[in-house]
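S.K.: I'd like to ask you about the structure that follows.
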Amino acid sequence: MTGDLFDAAAMYDDDYLHFFAGPSAAGPTHGPAVPGGGPDPADLVWRLLDLAPGMSVLDLGCGHGALASALAARGCRVTGLDSSEVFLSRARASSSSAHFVAGDLRFVAGDMRELPAGWSGRFDRVVNWSTAFGYFDDATNRAVLAEIVRVLRPGGRLAMDLDNLTKFLRSYTPSRVTAAMENGDMLVDRHQLDALTGRFEVERTVIRDGAARRLTFVKRLFGFPEIRDWLLAAGFGAVSGHGEDGSPLTIDHHRMIVVAS
């Protein structure tokens, strides 16, 4: 498969879970966390996607499975897909003690660029959360949207949670400590924004247990008009933009929730 811009396996590993999903995780200051809090993601997704018990939901790029588990607990039949075996192991372990009806929640390894052929028209809803879109070249990012359209049933809906570009640019800094813990572990990021490609490039230094390593990652940033037009071109019929509180998107929202049907 094509379109890779960085080594995703090096990025989404045990260190990432240590800082962002562990019991003492610091939480990112430039990502899905929202200063001042906001609605529970499952509440927001449930409302914006008009979910109901029994619906079939694909959590695309499910990470360590928190949202998938929450939707399954409300009665949806949820499939979580991710390319990181480290994340999937955490997701399966976290959900194993929960009481779901057999078959209501499963986690599978896969690549969003090439979803299983047998999934065509399988899902009522697709969720893509916590900036889990935009990590490939533009042609491949568009191909991911086409795959989402393929696996949705007629009348299906998609909800994507992305950085709100207008707020992102207002708070842009060339570097920052993205996460820090009391024992001295930390992530330090150096940023570069490419105005020609819309890509946010990060050189990350991971300091954990006194040892340091460096890695890089890249994500595509979108303004609402651009991602709306991409979704319409992929085959969706209507697209709306919301903030992290579910209200119509404004310049001050930290997150951009895009709902397409």
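Labels for the structure tokens follow display order: chains A, B, ..., residues from 1 in each chain, ligands from 1.
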His254 of chain A: which residues within 7 Å, counting only C-alpha atoms, same-chain residues fewer than 6 positions away excluded, as a short mmCIF file (atom, residue, chain, number, x, y, z; two decimals) with N, CA, C and O atoms, in the first residue's frame?

M.R.:
```cif
data_model
loop_
_atom_site.label_atom_id
_atom_site.label_comp_id
_atom_site.auth_asym_id
_atom_site.auth_seq_id
_atom_site.Cartn_x
_atom_site.Cartn_y
_atom_site.Cartn_z
N VAL A 34 -9.41 18.60 25.35
CA VAL A 34 -10.04 19.91 25.20
C VAL A 34 -9.94 20.66 26.52
O VAL A 34 -10.46 20.20 27.53
N ASP A 163 -8.54 18.30 14.30
CA ASP A 163 -8.13 19.61 14.79
C ASP A 163 -8.94 20.69 14.07
O ASP A 163 -9.16 20.61 12.86
N ASN A 164 -9.36 21.71 14.80
CA ASN A 164 -9.99 22.86 14.18
C ASN A 164 -8.89 23.80 13.70
O ASN A 164 -8.18 24.41 14.51
N LYS A 167 -8.44 27.49 15.14
CA LYS A 167 -7.94 27.54 16.51
C LYS A 167 -6.51 27.03 16.58
O LYS A 167 -5.66 27.58 17.31
N GLU A 244 -16.48 20.83 19.64
CA GLU A 244 -16.44 19.73 20.62
C GLU A 244 -17.66 19.70 21.53
O GLU A 244 -17.90 18.69 22.20
#
```

S.K.: Any chance you could list, as JSON, numbers by chain, the residues in segment 71-156 of chain A that come up alpha helix (DSSP H) when DSSP is run on the backbone?

M.R.: {"A": [71, 72, 73, 85, 86, 87, 88, 89, 90, 91, 92, 93, 94, 95, 138, 139, 140, 141, 142, 143, 144, 145, 146, 147, 148, 149, 150, 151]}

S.K.: Between atom CA of Ala8 of chain A and atom CA of Thr131 of chain A, what is the spacing in Å?

M.R.: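 Result for atom CA of Thr131 of chain A versus atom CA of Ala8 of chain A: 13.9 Å, one decimal.
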
S.K.: Excluding Phe200 of chain A and its own-chain neighbours fewer than 6 positions away, which residues fall within 8 Å of it when counting only C-alpha atoms? Please give them as a list in words.

M.R.: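 After dropping sequence-adjacent residues, the list is His191, Gln192, Leu193, Asp194, Val218, Lys219, Arg220 and Leu221 of chain A.
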
S.K.: Considering only C-alpha atoms, return as number ranges by chain whatever protein or nucleic-acid residues lie within 8 Å of segment 152-157 of chain A, sequence-local ones (same chain, fewer than 6 positions apart) excluded.

M.R.: A: 49, 120-126, 259-261

S.K.: Now that the selection is made, can you save its residues with all heavy atoms as an mmCIF file, in the first residue's frame?

M.R.:
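Result file result.cif:
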```cif
data_model
loop_
_atom_site.group_PDB
_atom_site.id
_atom_site.type_symbol
_atom_site.label_atom_id
_atom_site.label_comp_id
_atom_site.auth_asym_id
_atom_site.auth_seq_id
_atom_site.Cartn_x
_atom_site.Cartn_y
_atom_site.Cartn_z
ATOM 1 N N LEU A 49 -24.645 11.362 15.448
ATOM 2 C CA LEU A 49 -24.878 10.301 14.475
ATOM 3 C C LEU A 49 -26.263 9.666 14.615
ATOM 4 O O LEU A 49 -26.585 8.743 13.867
ATOM 5 C CB LEU A 49 -23.813 9.211 14.603
ATOM 6 C CG LEU A 49 -22.429 9.563 14.059
ATOM 7 C CD1 LEU A 49 -21.488 8.374 14.195
ATOM 8 C CD2 LEU A 49 -22.498 10.015 12.605
ATOM 9 N N SER A 120 -18.230 -4.335 2.379
ATOM 10 C CA SER A 120 -19.028 -3.407 1.562
ATOM 11 C C SER A 120 -20.466 -3.342 2.067
ATOM 12 O O SER A 120 -21.131 -4.369 2.236
ATOM 13 C CB SER A 120 -19.012 -3.848 0.096
ATOM 14 O OG SER A 120 -17.710 -3.752 -0.446
ATOM 15 N N GLY A 121 -20.944 -2.122 2.334
ATOM 16 C CA GLY A 121 -22.315 -1.925 2.790
ATOM 17 C C GLY A 121 -22.640 -2.549 4.125
ATOM 18 O O GLY A 121 -23.803 -2.839 4.420
ATOM 19 N N ARG A 122 -21.650 -2.725 4.991
ATOM 20 C CA ARG A 122 -21.849 -3.472 6.236
ATOM 21 C C ARG A 122 -22.282 -2.598 7.417
ATOM 22 O O ARG A 122 -22.995 -3.068 8.311
ATOM 23 C CB ARG A 122 -20.552 -4.192 6.595
ATOM 24 C CG ARG A 122 -20.593 -4.934 7.916
ATOM 25 C CD ARG A 122 -19.358 -5.780 8.091
ATOM 26 N NE ARG A 122 -19.343 -6.477 9.363
ATOM 27 C CZ ARG A 122 -18.472 -7.424 9.699
ATOM 28 N NH1 ARG A 122 -17.553 -7.783 8.819
ATOM 29 N NH2 ARG A 122 -18.506 -7.996 10.871
ATOM 30 N N PHE A 123 -21.883 -1.333 7.455
ATOM 31 C CA PHE A 123 -22.033 -0.539 8.668
ATOM 32 C C PHE A 123 -23.083 0.558 8.522
ATOM 33 O O PHE A 123 -23.194 1.206 7.483
ATOM 34 C CB PHE A 123 -20.690 0.085 9.064
ATOM 35 C CG PHE A 123 -19.626 -0.933 9.376
ATOM 36 C CD1 PHE A 123 -18.671 -1.283 8.434
ATOM 37 C CD2 PHE A 123 -19.604 -1.559 10.617
ATOM 38 C CE1 PHE A 123 -17.701 -2.225 8.710
ATOM 39 C CE2 PHE A 123 -18.633 -2.513 10.912
ATOM 40 C CZ PHE A 123 -17.681 -2.845 9.952
ATOM 41 N N ASP A 124 -23.817 0.778 9.622
ATOM 42 C CA ASP A 124 -24.757 1.892 9.684
ATOM 43 C C ASP A 124 -24.035 3.213 9.924
ATOM 44 O O ASP A 124 -24.473 4.261 9.445
ATOM 45 C CB ASP A 124 -25.766 1.681 10.817
ATOM 46 C CG ASP A 124 -26.611 0.434 10.632
ATOM 47 O OD1 ASP A 124 -27.305 0.349 9.596
ATOM 48 O OD2 ASP A 124 -26.568 -0.445 11.517
ATOM 49 N N ARG A 125 -22.962 3.161 10.684
ATOM 50 C CA ARG A 125 -22.223 4.354 11.060
ATOM 51 C C ARG A 125 -20.721 4.051 11.081
ATOM 52 O O ARG A 125 -20.308 2.933 11.407
ATOM 53 C CB ARG A 125 -22.628 4.858 12.449
ATOM 54 C CG ARG A 125 -24.122 5.130 12.615
ATOM 55 C CD ARG A 125 -24.546 6.383 11.868
ATOM 56 N NE ARG A 125 -25.904 6.796 12.193
ATOM 57 C CZ ARG A 125 -26.970 6.461 11.458
ATOM 58 N NH1 ARG A 125 -26.833 5.706 10.374
ATOM 59 N NH2 ARG A 125 -28.182 6.885 11.806
ATOM 60 N N VAL A 126 -19.922 5.072 10.770
ATOM 61 C CA VAL A 126 -18.467 5.004 10.917
ATOM 62 C C VAL A 126 -18.029 6.170 11.790
ATOM 63 O O VAL A 126 -18.480 7.308 11.606
ATOM 64 C CB VAL A 126 -17.741 5.054 9.561
ATOM 65 C CG1 VAL A 126 -16.224 5.149 9.764
ATOM 66 C CG2 VAL A 126 -18.076 3.820 8.724
ATOM 67 N N VAL A 259 -19.611 15.782 10.325
ATOM 68 C CA VAL A 259 -20.620 14.738 10.185
ATOM 69 C C VAL A 259 -21.073 14.700 8.735
ATOM 70 O O VAL A 259 -21.497 15.711 8.168
ATOM 71 C CB VAL A 259 -21.830 14.996 11.110
ATOM 72 C CG1 VAL A 259 -22.898 13.924 10.906
ATOM 73 C CG2 VAL A 259 -21.388 15.057 12.562
ATOM 74 N N ALA A 260 -20.944 13.526 8.117
ATOM 75 C CA ALA A 260 -21.308 13.372 6.701
ATOM 76 C C ALA A 260 -22.298 12.240 6.562
ATOM 77 O O ALA A 260 -22.202 11.212 7.244
ATOM 78 C CB ALA A 260 -20.054 13.068 5.866
ATOM 79 N N SER A 261 -23.268 12.431 5.676
ATOM 80 C CA SER A 261 -24.308 11.411 5.480
ATOM 81 C C SER A 261 -24.567 11.214 4.001
ATOM 82 O O SER A 261 -24.199 12.068 3.177
ATOM 83 C CB SER A 261 -25.588 11.814 6.208
ATOM 84 O OG SER A 261 -26.049 13.061 5.740
#
```

S.K.: Could you find all residues in segment 130-253 of chain A that DSSP calls strand (DSSP E) from the backbone, and write them as a PyMOL selection string?

M.R.: chain A and resi 152-163+175-180+186-194+199-208+211-220+239-242

S.K.: Write a file of the selected residues as a short mmCIF file (atom, residue, chain, number, x, y, z; two decimals), in the first residue's frame, keeping C-alpha atoms.

M.R.:
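Written out: part39.cif:
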```cif
data_model
loop_
_atom_site.label_atom_id
_atom_site.label_comp_id
_atom_site.auth_asym_id
_atom_site.auth_seq_id
_atom_site.Cartn_x
_atom_site.Cartn_y
_atom_site.Cartn_z
CA LEU A 152 -21.40 2.27 4.78
CA ARG A 153 -24.94 1.17 4.06
CA PRO A 154 -27.17 3.52 2.03
CA GLY A 155 -28.16 6.33 4.35
CA GLY A 156 -25.17 5.66 6.62
CA ARG A 157 -23.29 8.41 8.42
CA LEU A 158 -19.72 9.29 9.33
CA ALA A 159 -18.40 11.39 12.24
CA MET A 160 -14.78 12.59 12.18
CA ASP A 161 -13.01 14.40 15.01
CA LEU A 162 -10.16 16.60 13.74
CA ASP A 163 -8.13 19.61 14.79
CA SER A 175 7.97 23.77 20.06
CA ARG A 176 6.37 22.64 23.30
CA VAL A 177 6.39 20.01 25.99
CA THR A 178 3.42 17.98 24.81
CA ALA A 179 3.22 15.71 27.85
CA ALA A 180 5.10 15.58 31.15
CA MET A 186 8.11 13.69 28.93
CA LEU A 187 7.44 14.26 25.24
CA VAL A 188 9.01 17.34 23.66
CA ASP A 189 7.84 18.30 20.16
CA ARG A 190 9.38 20.62 17.58
CA HIS A 191 6.84 21.74 14.96
CA GLN A 192 6.99 22.77 11.35
CA LEU A 193 3.92 23.75 9.35
CA ASP A 194 4.20 23.43 5.57
CA ARG A 199 1.05 19.23 6.64
CA PHE A 200 2.01 19.62 10.28
CA GLU A 201 5.41 17.99 10.73
CA VAL A 202 6.66 17.07 14.19
CA GLU A 203 10.04 15.94 15.46
CA ARG A 204 9.34 14.30 18.82
CA THR A 205 11.82 13.54 21.58
CA VAL A 206 10.59 10.85 23.96
CA ILE A 207 12.22 10.82 27.39
CA ARG A 208 11.26 7.81 29.47
CA ALA A 211 16.50 7.30 28.09
CA ALA A 212 15.72 9.45 25.05
CA ARG A 213 14.74 8.63 21.48
CA ARG A 214 13.58 10.70 18.53
CA LEU A 215 10.92 10.09 15.94
CA THR A 216 8.95 12.11 13.40
CA PHE A 217 5.33 12.14 12.34
CA VAL A 218 3.20 14.13 9.94
CA LYS A 219 -0.50 14.90 9.85
CA ARG A 220 -2.61 16.81 7.34
CA VAL A 239 -21.70 17.51 5.41
CA SER A 240 -21.95 19.61 8.57
CA GLY A 241 -19.31 21.02 10.93
CA HIS A 242 -19.50 21.14 14.74
#
```

S.K.: Taking only C-alpha atoms into account, which of A:Ser69, A:Thr166, A:Thr140, A:Thr173 comes nearest Arg90 of chain A?

M.R.: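 Between A:Ser69, A:Thr166, A:Thr140, A:Thr173, the residue approaching Arg90 of chain A most closely is A:Ser69.
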
S.K.: Tell me which protein, DNA and RNA residues are within 8 Å of Glu147 of chain A, counting only C-alpha atoms, leaving out same-chain ones fewer than 5 positions away, and put them as a ChimeraX atom specification.

M.R.: /A:112-115

S.K.: Would you compute the distance between atom CA of Ser95 of chain A and atom CA of Gly65 of chain A? Give it in Å to one decimal.

M.R.: 8.0 Å

S.K.: Excluding Gly243 of chain A and its own-chain neighbours fewer than 6 positions away, which residues fall within 7 Å of it when counting only C-alpha atoms? Please give them as a PDB file with C-alpha atoms, in the first residue's frame.

M.R.:
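So the final result, stored in out-v5.pdb, reads:
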```
ATOM      1  CA  LEU A 249     -18.259  25.109  14.333  1.00  0.00           C
ATOM      2  CA  THR A 250     -16.680  28.453  15.242  1.00  0.00           C
ATOM      3  CA  HIS A 253     -13.625  25.566  19.035  1.00  0.00           C
ATOM      4  CA  ARG A 255     -11.993  20.442  17.775  1.00  0.00           C
ATOM      5  CA  MET A 256     -13.779  20.153  14.433  1.00  0.00           C
ATOM      6  CA  ILE A 257     -16.394  17.416  14.333  1.00  0.00           C
TER       7      ILE A 257
END
```

S.K.: What's the 10 Å shell around Gly3 of chain A, counting only C-alpha atoms, without same-chain residues fewer than 6 positions away, as a list in words?

M.R.: Arg113, Tyr135, Phe136, Asp137, Asp138, Ala139, Thr140 and Asn141 of chain A

S.K.: Pick from A:Gly134, A:Ser96, A:Gly80, A:Gly223: nearest to Leu5 of chain A, with only C-alpha atoms counted?

M.R.: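 Distance minimum relative to Leu5 of chain A lands on A:Gly134.
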
S.K.: Which residue is closest to Pro225 of chain A? Choose from A:Leu165, A:Met181, A:Ala195, A:Ala91 and count only C-alpha atoms.

M.R.: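 Checking each of A:Leu165, A:Met181, A:Ala195, A:Ala91 against Pro225 of chain A, counting only C-alpha atoms, the winner is A:Leu165.
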
S.K.: Pick out the closest residue to Gly54 of chain A from this set: A:Leu232, A:Leu105, A:Val86, A:Ala42. Count only C-alpha atoms.

M.R.: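 Distance minimum relative to Gly54 of chain A lands on A:Leu105.
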
S.K.: Atom CA of Phe168 of chain A and atom CA of Phe6 of chain A are how many Å apart?

M.R.: 21.6 Å
